[in-house]
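*Asks:* Before anything else, here's the structure in question.
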Amino acid sequence: MNDRIHHDHRNHPIEDLRDLLPSAEPTLTAAPAELTEWVTRHASRLAGLGPGADPGAPLDDLEPLRELVGDARVVALGENSHQIREFGLLRHRVLRFLVEELGFTAYAMEYGAAEGRAVDAWVQGGPGDIDDLLAPTGGGSGGPGGDGKRARRLGLPVECRDALRWLRRHNAGAARPVHFVGCDIPAAGGSLAPVLEPVAAYLTAVDPGALRFLRTALEISEPIAGGTVMVPAYARLDLAPAEQDRLTAALARLLGRFGDLRELYTERGGRAAYETALSDVRAAVTTDMAQRAMAEALAGSPDGPAFAARERYLADTLLEFLARSGPDVRVVLVGHNAHIQRSANRAGGPLAVTTMGHLLARALGADYVPVALTGNGGETVENVPDRGHPLGMRWGRAATPEAAPDSVEALFAGVPGEPALVDARALRAFARRRGLPEPVRTRLDTAYLEVPVLEAFDGIVCVPGTNLSADTPQ
């Protein structure tokens, strides 16, 4: 019998987001020897990612991806923690392989859809520098809503920015340039302004009367905004329920207006502009829901279904891009393993039941191939909520915990020297033929996420000796 212990966090404020993960004793005392031996024999060794690793080096080691990917339209590349140097370098190389060798034509990320339009303009050769758009920014301390707190931006690690620099160089000489697509809510849920400000310009032209709803939303949301969802989530703990409801109602009326006057808006501004503005309004609604969900979790009343709004937006934004782009478009998608996993999460738990990957798999079937990136050894990120921090969160360095015996990481004990790629479908088939216990969890920062790993992903890459990105916020 599987003896799992799940903590009840209701009505008990939490100080660490890891407390939201179910706590369970390992289901095994040791990783199944037959599975670790299979991984040792069948894993494809990839090029090392140590000091001096060159993302521009030959890509011959990535050839096993050709069969794993097949004809899929969307290949998702994950990570068990953000801000990890080796994951960024490896995804850079895989991006090159999928674009140069397999003809992929779009690069999508867990990054704001509205902000992503400026990134796409840059990778197509537009003016400016990518660091101005995406590099993390500093800032002083301050209370909720203060200038110091608002000055911080999480941005993207240097490894991600270097991949975008490569994409710009590639596009300069490409017969078919690769487009960048942001799929996420704005500023990781910290602010509604990146989506509502463009909508304000749109409404000024097509329906000035609707601006009153938008202004109400900005009036309430922006004084508590910050660089991540944690800042407004903490601030909402002190925001009157009536004021939160007024924000939600204003956004609901704005979204309703877009639906009710769809034909009029399209006639006045064109279909493309309407669809972009509608997506931004939906992002604002989803951001409000995400902030509320996080505030409820911090207050000790986590509600998993409430977190599903962001997953739905992530999936729908990508599916809408595919629908607009035609059947020959193929997408490289980057996101956290917990977003790209094909499997749903446990019903009744604190995590979103449906994930982006679950929704994409339902819509695309075999055209969706998720590949998890994880690691053993070295260091990883330790995320600690901190109401006094400008981003609402502190990022620290922590030793990567030893692999739990029932985790997928434990199966890579025989390939410690270099990154190793395993076809999860083949490993799953072997395990089931032999009646062997499959891994039931995978690493998430310094904790573990319960998931049927060999069902959740088609491929798994384990990297030895991970390190934090050089510009990880502190």
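In the structure tokens, chains take letters A, B, ... by order of appearance, with residues numbered from 1 within each chain and ligands from 1 in the order shown.
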Please identify all polymer residues within 10 Å of Phe307 (chain A), counting only C-alpha atoms, omitting same-chain residues fewer than 4 positions from it, and present them as a PDB file with all heavy atoms, in the first residue's frame.
*Replies:*
```pdb
ATOM      1  N   THR A 286      -6.726  36.888 -16.150  1.00  0.00           N
ATOM      2  CA  THR A 286      -5.982  35.745 -15.608  1.00  0.00           C
ATOM      3  C   THR A 286      -4.982  36.195 -14.553  1.00  0.00           C
ATOM      4  O   THR A 286      -4.783  35.511 -13.535  1.00  0.00           O
ATOM      5  CB  THR A 286      -5.249  35.012 -16.736  1.00  0.00           C
ATOM      6  OG1 THR A 286      -6.206  34.605 -17.725  1.00  0.00           O
ATOM      7  CG2 THR A 286      -4.534  33.778 -16.219  1.00  0.00           C
ATOM      8  N   MET A 289      -6.719  36.687 -11.327  1.00  0.00           N
ATOM      9  CA  MET A 289      -7.011  35.385 -10.724  1.00  0.00           C
ATOM     10  C   MET A 289      -5.754  34.763 -10.123  1.00  0.00           C
ATOM     11  O   MET A 289      -5.788  34.167  -9.033  1.00  0.00           O
ATOM     12  CB  MET A 289      -7.639  34.465 -11.763  1.00  0.00           C
ATOM     13  CG  MET A 289      -8.973  34.954 -12.285  1.00  0.00           C
ATOM     14  SD  MET A 289      -9.599  33.972 -13.669  1.00  0.00           S
ATOM     15  CE  MET A 289      -9.995  32.447 -12.828  1.00  0.00           C
ATOM     16  N   ALA A 290      -4.621  34.896 -10.829  1.00  0.00           N
ATOM     17  CA  ALA A 290      -3.369  34.331 -10.323  1.00  0.00           C
ATOM     18  C   ALA A 290      -2.925  35.024  -9.041  1.00  0.00           C
ATOM     19  O   ALA A 290      -2.438  34.373  -8.099  1.00  0.00           O
ATOM     20  CB  ALA A 290      -2.282  34.444 -11.391  1.00  0.00           C
ATOM     21  N   GLN A 291      -3.073  36.346  -8.986  1.00  0.00           N
ATOM     22  CA  GLN A 291      -2.714  37.070  -7.779  1.00  0.00           C
ATOM     23  C   GLN A 291      -3.596  36.665  -6.611  1.00  0.00           C
ATOM     24  O   GLN A 291      -3.119  36.470  -5.482  1.00  0.00           O
ATOM     25  CB  GLN A 291      -2.815  38.580  -8.025  1.00  0.00           C
ATOM     26  CG  GLN A 291      -1.772  39.113  -8.996  1.00  0.00           C
ATOM     27  CD  GLN A 291      -1.930  40.600  -9.250  1.00  0.00           C
ATOM     28  OE1 GLN A 291      -2.821  41.249  -8.689  1.00  0.00           O
ATOM     29  NE2 GLN A 291      -1.073  41.164 -10.087  1.00  0.00           N
ATOM     30  N   ARG A 292      -4.886  36.536  -6.857  1.00  0.00           N
ATOM     31  CA  ARG A 292      -5.806  36.103  -5.801  1.00  0.00           C
ATOM     32  C   ARG A 292      -5.437  34.700  -5.313  1.00  0.00           C
ATOM     33  O   ARG A 292      -5.432  34.424  -4.104  1.00  0.00           O
ATOM     34  CB  ARG A 292      -7.235  36.094  -6.326  1.00  0.00           C
ATOM     35  CG  ARG A 292      -7.939  37.450  -6.334  1.00  0.00           C
ATOM     36  CD  ARG A 292      -9.370  37.297  -6.828  1.00  0.00           C
ATOM     37  NE  ARG A 292     -10.132  38.517  -6.754  1.00  0.00           N
ATOM     38  CZ  ARG A 292     -11.107  38.758  -5.877  1.00  0.00           C
ATOM     39  NH1 ARG A 292     -11.416  37.831  -4.982  1.00  0.00           N
ATOM     40  NH2 ARG A 292     -11.776  39.891  -5.877  1.00  0.00           N
ATOM     41  N   ALA A 293      -5.157  33.801  -6.252  1.00  0.00           N
ATOM     42  CA  ALA A 293      -4.842  32.422  -5.882  1.00  0.00           C
ATOM     43  C   ALA A 293      -3.584  32.368  -5.015  1.00  0.00           C
ATOM     44  O   ALA A 293      -3.530  31.629  -4.027  1.00  0.00           O
ATOM     45  CB  ALA A 293      -4.669  31.570  -7.133  1.00  0.00           C
ATOM     46  N   MET A 294      -2.568  33.162  -5.384  1.00  0.00           N
ATOM     47  CA  MET A 294      -1.342  33.152  -4.594  1.00  0.00           C
ATOM     48  C   MET A 294      -1.574  33.769  -3.225  1.00  0.00           C
ATOM     49  O   MET A 294      -1.029  33.293  -2.209  1.00  0.00           O
ATOM     50  CB  MET A 294      -0.230  33.889  -5.338  1.00  0.00           C
ATOM     51  CG  MET A 294       1.129  33.802  -4.646  1.00  0.00           C
ATOM     52  SD  MET A 294       1.718  32.109  -4.399  1.00  0.00           S
ATOM     53  CE  MET A 294       2.153  31.678  -6.089  1.00  0.00           C
ATOM     54  N   ALA A 297      -3.132  31.222  -1.092  1.00  0.00           N
ATOM     55  CA  ALA A 297      -2.156  30.214  -0.682  1.00  0.00           C
ATOM     56  C   ALA A 297      -1.285  30.740   0.450  1.00  0.00           C
ATOM     57  O   ALA A 297      -1.018  30.032   1.430  1.00  0.00           O
ATOM     58  CB  ALA A 297      -1.293  29.800  -1.870  1.00  0.00           C
ATOM     59  N   PRO A 302      -4.782  27.317   0.175  1.00  0.00           N
ATOM     60  CA  PRO A 302      -4.488  27.082  -1.243  1.00  0.00           C
ATOM     61  C   PRO A 302      -5.631  26.372  -1.944  1.00  0.00           C
ATOM     62  O   PRO A 302      -6.263  25.468  -1.389  1.00  0.00           O
ATOM     63  CB  PRO A 302      -3.237  26.198  -1.197  1.00  0.00           C
ATOM     64  CG  PRO A 302      -3.287  25.521   0.133  1.00  0.00           C
ATOM     65  CD  PRO A 302      -3.915  26.513   1.065  1.00  0.00           C
ATOM     66  N   ASP A 303      -5.911  26.818  -3.171  1.00  0.00           N
ATOM     67  CA  ASP A 303      -7.000  26.254  -3.970  1.00  0.00           C
ATOM     68  C   ASP A 303      -6.430  25.902  -5.340  1.00  0.00           C
ATOM     69  O   ASP A 303      -6.246  26.771  -6.189  1.00  0.00           O
ATOM     70  CB  ASP A 303      -8.131  27.283  -4.082  1.00  0.00           C
ATOM     71  CG  ASP A 303      -9.288  26.796  -4.943  1.00  0.00           C
ATOM     72  OD1 ASP A 303      -9.401  25.568  -5.144  1.00  0.00           O
ATOM     73  OD2 ASP A 303     -10.075  27.637  -5.411  1.00  0.00           O
ATOM     74  N   GLU A 311      -2.441  28.297 -16.329  1.00  0.00           N
ATOM     75  CA  GLU A 311      -2.134  27.174 -17.220  1.00  0.00           C
ATOM     76  C   GLU A 311      -3.007  27.223 -18.473  1.00  0.00           C
ATOM     77  O   GLU A 311      -2.540  26.964 -19.585  1.00  0.00           O
ATOM     78  CB  GLU A 311      -2.335  25.848 -16.480  1.00  0.00           C
ATOM     79  CG  GLU A 311      -1.529  25.695 -15.199  1.00  0.00           C
ATOM     80  CD  GLU A 311      -0.033  25.596 -15.435  1.00  0.00           C
ATOM     81  OE1 GLU A 311       0.386  25.188 -16.536  1.00  0.00           O
ATOM     82  OE2 GLU A 311       0.737  25.920 -14.507  1.00  0.00           O
ATOM     83  N   ARG A 312      -4.276  27.568 -18.295  1.00  0.00           N
ATOM     84  CA  ARG A 312      -5.184  27.682 -19.441  1.00  0.00           C
ATOM     85  C   ARG A 312      -4.727  28.780 -20.378  1.00  0.00           C
ATOM     86  O   ARG A 312      -4.724  28.606 -21.609  1.00  0.00           O
ATOM     87  CB  ARG A 312      -6.600  27.938 -18.934  1.00  0.00           C
ATOM     88  CG  ARG A 312      -7.600  28.325 -20.013  1.00  0.00           C
ATOM     89  CD  ARG A 312      -7.832  27.197 -21.010  1.00  0.00           C
ATOM     90  NE  ARG A 312      -8.515  26.084 -20.380  1.00  0.00           N
ATOM     91  CZ  ARG A 312      -8.873  24.962 -21.020  1.00  0.00           C
ATOM     92  NH1 ARG A 312      -8.569  24.821 -22.306  1.00  0.00           N
ATOM     93  NH2 ARG A 312      -9.477  23.989 -20.391  1.00  0.00           N
ATOM     94  N   PRO A 350      -3.026  21.290  -3.733  1.00  0.00           N
ATOM     95  CA  PRO A 350      -2.804  22.732  -3.820  1.00  0.00           C
ATOM     96  C   PRO A 350      -2.302  23.202  -5.179  1.00  0.00           C
ATOM     97  O   PRO A 350      -2.197  24.407  -5.408  1.00  0.00           O
ATOM     98  CB  PRO A 350      -1.746  22.984  -2.743  1.00  0.00           C
ATOM     99  CG  PRO A 350      -0.961  21.710  -2.709  1.00  0.00           C
ATOM    100  CD  PRO A 350      -1.947  20.608  -2.990  1.00  0.00           C
ATOM    101  N   LEU A 351      -1.958  22.270  -6.072  1.00  0.00           N
ATOM    102  CA  LEU A 351      -1.428  22.627  -7.382  1.00  0.00           C
ATOM    103  C   LEU A 351      -2.528  22.630  -8.432  1.00  0.00           C
ATOM    104  O   LEU A 351      -3.557  21.959  -8.278  1.00  0.00           O
ATOM    105  CB  LEU A 351      -0.326  21.647  -7.786  1.00  0.00           C
ATOM    106  CG  LEU A 351       0.840  21.508  -6.816  1.00  0.00           C
ATOM    107  CD1 LEU A 351       1.804  20.448  -7.323  1.00  0.00           C
ATOM    108  CD2 LEU A 351       1.552  22.843  -6.622  1.00  0.00           C
ATOM    109  N   ALA A 352      -2.293  23.360  -9.519  1.00  0.00           N
ATOM    110  CA  ALA A 352      -3.264  23.383 -10.615  1.00  0.00           C
ATOM    111  C   ALA A 352      -3.509  21.958 -11.119  1.00  0.00           C
ATOM    112  O   ALA A 352      -2.559  21.222 -11.398  1.00  0.00           O
ATOM    113  CB  ALA A 352      -2.750  24.258 -11.759  1.00  0.00           C
ATOM    114  N   VAL A 353      -4.758  21.560 -11.228  1.00  0.00           N
ATOM    115  CA  VAL A 353      -5.066  20.206 -11.678  1.00  0.00           C
ATOM    116  C   VAL A 353      -4.652  20.043 -13.132  1.00  0.00           C
ATOM    117  O   VAL A 353      -3.966  19.086 -13.503  1.00  0.00           O
ATOM    118  CB  VAL A 353      -6.567  19.901 -11.500  1.00  0.00           C
ATOM    119  CG1 VAL A 353      -6.891  18.513 -12.044  1.00  0.00           C
ATOM    120  CG2 VAL A 353      -6.951  19.988 -10.027  1.00  0.00           C
ATOM    121  N   THR A 354      -5.068  20.973 -13.968  1.00  0.00           N
ATOM    122  CA  THR A 354      -4.654  20.955 -15.368  1.00  0.00           C
ATOM    123  C   THR A 354      -3.405  21.810 -15.529  1.00  0.00           C
ATOM    124  O   THR A 354      -3.299  22.878 -14.937  1.00  0.00           O
ATOM    125  CB  THR A 354      -5.760  21.500 -16.282  1.00  0.00           C
ATOM    126  OG1 THR A 354      -6.123  22.825 -15.845  1.00  0.00           O
ATOM    127  CG2 THR A 354      -6.983  20.607 -16.242  1.00  0.00           C
ATOM    128  N   THR A 355      -2.463  21.317 -16.315  1.00  0.00           N
ATOM    129  CA  THR A 355      -1.256  22.082 -16.620  1.00  0.00           C
ATOM    130  C   THR A 355      -1.276  22.485 -18.085  1.00  0.00           C
ATOM    131  O   THR A 355      -2.060  21.943 -18.876  1.00  0.00           O
ATOM    132  CB  THR A 355       0.000  21.238 -16.362  1.00  0.00           C
ATOM    133  OG1 THR A 355       0.013  20.135 -17.282  1.00  0.00           O
ATOM    134  CG2 THR A 355       0.023  20.705 -14.936  1.00  0.00           C
TER     135      THR A 355
END
```
*Asks:* For Ala429 (chain A), please output as a list in words all residues within 12 Å (counting only C-alpha atoms; exclusion window: fewer than 3 positions along the same chain).
*Replies:*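 Residues near the query, excluding close chain neighbours: Leu35, Trp38, Asp423, Ala424, Arg425, Ala426, Arg432, Arg433, Arg434, Gly435, Leu436, Pro437, Glu438, Leu454, Glu455 and Asp458 of chain A.
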*Asks:* Go ahead and dump the residues you just picked, N, CA and C atoms, as a short mmCIF file (atom, residue, chain, number, x, y, z; two decimals), in the first residue's frame.
*Replies:*
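Below is the file that was written, out10.cif:
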```cif
data_model
loop_
_atom_site.label_atom_id
_atom_site.label_comp_id
_atom_site.auth_asym_id
_atom_site.auth_seq_id
_atom_site.Cartn_x
_atom_site.Cartn_y
_atom_site.Cartn_z
N LEU A 35 16.07 -0.76 -13.71
CA LEU A 35 15.82 0.51 -14.40
C LEU A 35 17.09 1.36 -14.48
N TRP A 38 19.15 -0.12 -17.18
CA TRP A 38 18.61 0.19 -18.51
C TRP A 38 19.02 1.62 -18.90
N ASP A 423 14.86 8.23 -23.72
CA ASP A 423 13.51 8.16 -24.29
C ASP A 423 12.59 7.60 -23.22
N ALA A 424 11.76 8.44 -22.62
CA ALA A 424 10.91 8.01 -21.51
C ALA A 424 9.88 6.99 -21.96
N ARG A 425 9.49 7.05 -23.22
CA ARG A 425 8.50 6.09 -23.72
C ARG A 425 9.09 4.69 -23.75
N ALA A 426 10.35 4.57 -24.18
CA ALA A 426 11.01 3.27 -24.21
C ALA A 426 11.26 2.75 -22.80
N ARG A 432 7.19 -1.62 -17.67
CA ARG A 432 5.90 -2.30 -17.59
C ARG A 432 5.98 -3.75 -18.06
N ARG A 433 6.86 -4.00 -19.00
CA ARG A 433 7.06 -5.42 -19.39
C ARG A 433 7.62 -6.22 -18.22
N ARG A 434 8.49 -5.60 -17.43
CA ARG A 434 9.12 -6.30 -16.31
C ARG A 434 8.34 -6.16 -15.00
N GLY A 435 7.27 -5.37 -15.01
CA GLY A 435 6.53 -5.14 -13.78
C GLY A 435 7.30 -4.38 -12.72
N LEU A 436 8.14 -3.44 -13.16
CA LEU A 436 9.00 -2.69 -12.24
C LEU A 436 8.32 -1.38 -11.81
N PRO A 437 8.58 -0.94 -10.58
CA PRO A 437 7.99 0.33 -10.11
C PRO A 437 8.59 1.52 -10.86
N GLU A 438 7.73 2.35 -11.40
CA GLU A 438 8.17 3.53 -12.15
C GLU A 438 8.40 4.70 -11.19
N LEU A 454 7.27 9.00 -16.21
CA LEU A 454 7.40 8.37 -17.52
C LEU A 454 6.15 8.52 -18.37
N GLU A 455 5.05 8.95 -17.77
CA GLU A 455 3.86 9.31 -18.53
C GLU A 455 3.83 10.81 -18.82
N ASP A 458 8.02 12.70 -22.65
CA ASP A 458 8.48 11.77 -23.68
C ASP A 458 9.99 11.58 -23.64
#
```
*Asks:* For Gln341 (chain A), which of A:Ala76, A:Ile220, A:Ala447, A:Val381 is the closest residue, counting only C-alpha atoms?
*Replies:*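 Under the stated criterion, the closest residue is A:Ala76.
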*Asks:* Output as JSON, numbers by chain all residues of region 15-214 of chain A that backbone DSSP marks as strand (DSSP E or B).
*Replies:* {"A": [44, 45, 74, 75, 76, 77, 84, 106, 107, 108, 109, 110, 111, 112, 137, 153, 179, 180, 181, 182, 183, 184]}
*Asks:* Determine which residues of region 37-155 of chain A receive a DSSP assignment of helix (DSSP H, G or I), computed from the backbone, and state them as a compact mmCIF listing (two decimals) with N, CA and C atoms, in the first residue's frame.
*Replies:*
```txt
# COMPACT_ATOMS: atom_id res chain seq x y z
N GLU A 37 20.10 0.23 -14.57
CA GLU A 37 20.96 -0.44 -15.55
C GLU A 37 20.48 -0.13 -16.97
N TRP A 38 19.15 -0.12 -17.18
CA TRP A 38 18.61 0.19 -18.51
C TRP A 38 19.02 1.62 -18.90
N VAL A 39 18.87 2.56 -17.98
CA VAL A 39 19.23 3.95 -18.28
C VAL A 39 20.72 4.05 -18.59
N THR A 40 21.54 3.35 -17.82
CA THR A 40 22.99 3.39 -18.06
C THR A 40 23.33 2.88 -19.46
N ARG A 41 22.65 1.82 -19.89
CA ARG A 41 22.95 1.23 -21.20
C ARG A 41 22.37 2.05 -22.36
N HIS A 42 21.20 2.60 -22.17
CA HIS A 42 20.47 3.19 -23.30
C HIS A 42 20.50 4.72 -23.36
N ASP A 60 26.16 17.13 -33.34
CA ASP A 60 26.02 15.70 -33.65
C ASP A 60 25.47 14.90 -32.47
N ASP A 61 25.83 15.30 -31.25
CA ASP A 61 25.37 14.55 -30.07
C ASP A 61 23.87 14.60 -29.87
N LEU A 62 23.19 15.58 -30.51
CA LEU A 62 21.75 15.73 -30.35
C LEU A 62 20.94 14.95 -31.37
N PRO A 64 19.94 11.91 -31.47
CA PRO A 64 18.84 11.08 -30.93
C PRO A 64 17.52 11.83 -30.80
N LEU A 65 17.57 13.16 -30.77
CA LEU A 65 16.33 13.92 -30.71
C LEU A 65 15.50 13.79 -31.98
N ARG A 66 16.15 13.49 -33.09
CA ARG A 66 15.43 13.41 -34.35
C ARG A 66 14.32 12.36 -34.28
N GLU A 67 14.66 11.19 -33.77
CA GLU A 67 13.66 10.13 -33.65
C GLU A 67 12.66 10.43 -32.54
N LEU A 68 13.13 10.99 -31.43
CA LEU A 68 12.24 11.30 -30.32
C LEU A 68 11.20 12.33 -30.72
N VAL A 69 11.59 13.33 -31.49
CA VAL A 69 10.70 14.41 -31.89
C VAL A 69 9.77 13.98 -33.02
N ARG A 85 22.19 27.65 -15.04
CA ARG A 85 23.09 27.88 -16.18
C ARG A 85 23.02 26.74 -17.19
N GLU A 86 23.18 25.50 -16.74
CA GLU A 86 23.29 24.37 -17.67
C GLU A 86 22.00 24.14 -18.44
N PHE A 87 20.86 24.37 -17.82
CA PHE A 87 19.60 24.19 -18.55
C PHE A 87 19.50 25.21 -19.68
N GLY A 88 19.92 26.45 -19.40
CA GLY A 88 19.88 27.47 -20.45
C GLY A 88 20.81 27.15 -21.61
N LEU A 89 22.01 26.68 -21.30
CA LEU A 89 22.96 26.31 -22.36
C LEU A 89 22.44 25.14 -23.18
N LEU A 90 21.88 24.14 -22.51
CA LEU A 90 21.40 22.97 -23.23
C LEU A 90 20.21 23.33 -24.12
N ARG A 91 19.30 24.13 -23.61
CA ARG A 91 18.15 24.53 -24.44
C ARG A 91 18.60 25.35 -25.64
N HIS A 92 19.64 26.16 -25.47
CA HIS A 92 20.20 26.91 -26.59
C HIS A 92 20.63 25.94 -27.69
N ARG A 93 21.37 24.90 -27.32
CA ARG A 93 21.85 23.94 -28.31
C ARG A 93 20.68 23.18 -28.95
N VAL A 94 19.70 22.79 -28.14
CA VAL A 94 18.56 22.07 -28.69
C VAL A 94 17.74 22.97 -29.62
N LEU A 95 17.61 24.24 -29.26
CA LEU A 95 16.94 25.19 -30.15
C LEU A 95 17.64 25.22 -31.50
N ARG A 96 18.95 25.32 -31.49
CA ARG A 96 19.70 25.33 -32.75
C ARG A 96 19.42 24.06 -33.56
N PHE A 97 19.45 22.91 -32.89
CA PHE A 97 19.23 21.65 -33.58
C PHE A 97 17.83 21.61 -34.20
N LEU A 98 16.83 21.99 -33.44
CA LEU A 98 15.46 21.91 -33.94
C LEU A 98 15.21 22.90 -35.08
N VAL A 99 15.87 24.05 -35.03
CA VAL A 99 15.72 25.04 -36.10
C VAL A 99 16.55 24.65 -37.32
N GLU A 100 17.83 24.36 -37.11
CA GLU A 100 18.74 24.13 -38.24
C GLU A 100 18.54 22.76 -38.88
N ALA A 113 2.94 37.35 -23.03
CA ALA A 113 2.54 37.43 -24.43
C ALA A 113 2.66 38.85 -24.95
N ALA A 114 2.23 39.83 -24.14
CA ALA A 114 2.30 41.22 -24.59
C ALA A 114 3.75 41.70 -24.69
N GLU A 115 4.57 41.40 -23.66
CA GLU A 115 5.97 41.80 -23.70
C GLU A 115 6.72 41.06 -24.81
N GLY A 116 6.26 39.86 -25.14
CA GLY A 116 6.91 39.06 -26.17
C GLY A 116 6.86 39.68 -27.55
N ARG A 117 5.91 40.57 -27.80
CA ARG A 117 5.83 41.20 -29.12
C ARG A 117 7.06 42.08 -29.37
N ALA A 118 7.56 42.73 -28.33
CA ALA A 118 8.78 43.54 -28.48
C ALA A 118 10.00 42.64 -28.68
N VAL A 119 10.02 41.50 -28.01
CA VAL A 119 11.13 40.56 -28.19
C VAL A 119 11.14 40.02 -29.62
N ASP A 120 9.97 39.69 -30.15
CA ASP A 120 9.90 39.20 -31.52
C ASP A 120 10.40 40.26 -32.50
N ALA A 121 10.01 41.51 -32.28
CA ALA A 121 10.50 42.58 -33.17
C ALA A 121 12.01 42.66 -33.14
N TRP A 122 12.60 42.43 -31.95
CA TRP A 122 14.06 42.49 -31.84
C TRP A 122 14.73 41.32 -32.56
N VAL A 123 14.22 40.11 -32.38
CA VAL A 123 14.87 38.97 -33.04
C VAL A 123 14.66 39.01 -34.55
N ILE A 130 18.87 43.43 -26.48
CA ILE A 130 18.02 42.49 -25.77
C ILE A 130 18.15 42.65 -24.25
N ASP A 131 19.31 43.11 -23.78
CA ASP A 131 19.46 43.31 -22.34
C ASP A 131 18.53 44.40 -21.82
N ASP A 132 18.26 45.40 -22.64
CA ASP A 132 17.33 46.45 -22.23
C ASP A 132 15.92 45.91 -22.04
N LEU A 133 15.57 44.87 -22.80
CA LEU A 133 14.24 44.28 -22.71
C LEU A 133 14.15 43.22 -21.61
N LEU A 134 15.22 42.45 -21.43
CA LEU A 134 15.09 41.21 -20.66
C LEU A 134 16.05 41.03 -19.50
N ASP A 147 8.69 52.76 -4.55
CA ASP A 147 9.49 52.85 -5.76
C ASP A 147 10.58 51.79 -5.80
N GLY A 148 11.19 51.47 -4.63
CA GLY A 148 12.24 50.47 -4.61
C GLY A 148 11.72 49.12 -5.05
N LYS A 149 10.54 48.76 -4.58
CA LYS A 149 9.98 47.47 -4.94
C LYS A 149 9.61 47.43 -6.41
N ARG A 150 9.07 48.51 -6.93
CA ARG A 150 8.63 48.52 -8.31
C ARG A 150 9.82 48.57 -9.26
N ALA A 151 11.01 48.94 -8.78
CA ALA A 151 12.16 49.09 -9.67
C ALA A 151 12.74 47.76 -10.11
```
*Asks:* Please compute the CA of Ala187 (chain A)-CA of Leu211 (chain A) distance, one decimal, in Å.
*Replies:*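 That distance, rounded to one decimal, is 22.1 Å.
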*Asks:* Select, from A:Met356, A:Leu49, A:Leu196, A:Gly365, the residue with the minimum atom-to-atom distance to Arg282 (chain A), counting only C-alpha atoms.
*Replies:*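 Going through A:Met356, A:Leu49, A:Leu196, A:Gly365 one by one, the smallest distance to Arg282 (chain A) is for A:Leu196.
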*Asks:* Near Arg176 (chain A), counting only C-alpha atoms, which residues have an atom at most 12 Å away, once you skip same-chain residues fewer than 5 positions from it, shown as a PDB file with C-alpha atoms, in the first residue's frame?
*Replies:*
```pdb
ATOM      1  CA  VAL A  99      15.717  25.036 -36.102  1.00  0.00           C
ATOM      2  CA  GLU A 100      18.742  24.127 -38.235  1.00  0.00           C
ATOM      3  CA  GLY A 103      13.016  23.173 -39.602  1.00  0.00           C
ATOM      4  CA  PHE A 104      11.235  24.549 -36.545  1.00  0.00           C
ATOM      5  CA  THR A 105       9.924  28.053 -37.161  1.00  0.00           C
ATOM      6  CA  ALA A 106       8.852  29.513 -33.804  1.00  0.00           C
ATOM      7  CA  GLN A 124      13.542  39.994 -36.463  1.00  0.00           C
ATOM      8  CA  LEU A 167      18.146  33.645 -33.068  1.00  0.00           C
ATOM      9  CA  HIS A 170      20.054  33.252 -37.611  1.00  0.00           C
ATOM     10  CA  ASN A 171      17.098  35.324 -38.788  1.00  0.00           C
ATOM     11  CA  ASP A 328       3.592  23.862 -41.385  1.00  0.00           C
ATOM     12  CA  VAL A 329       4.614  25.889 -38.312  1.00  0.00           C
TER      13      VAL A 329
END
```
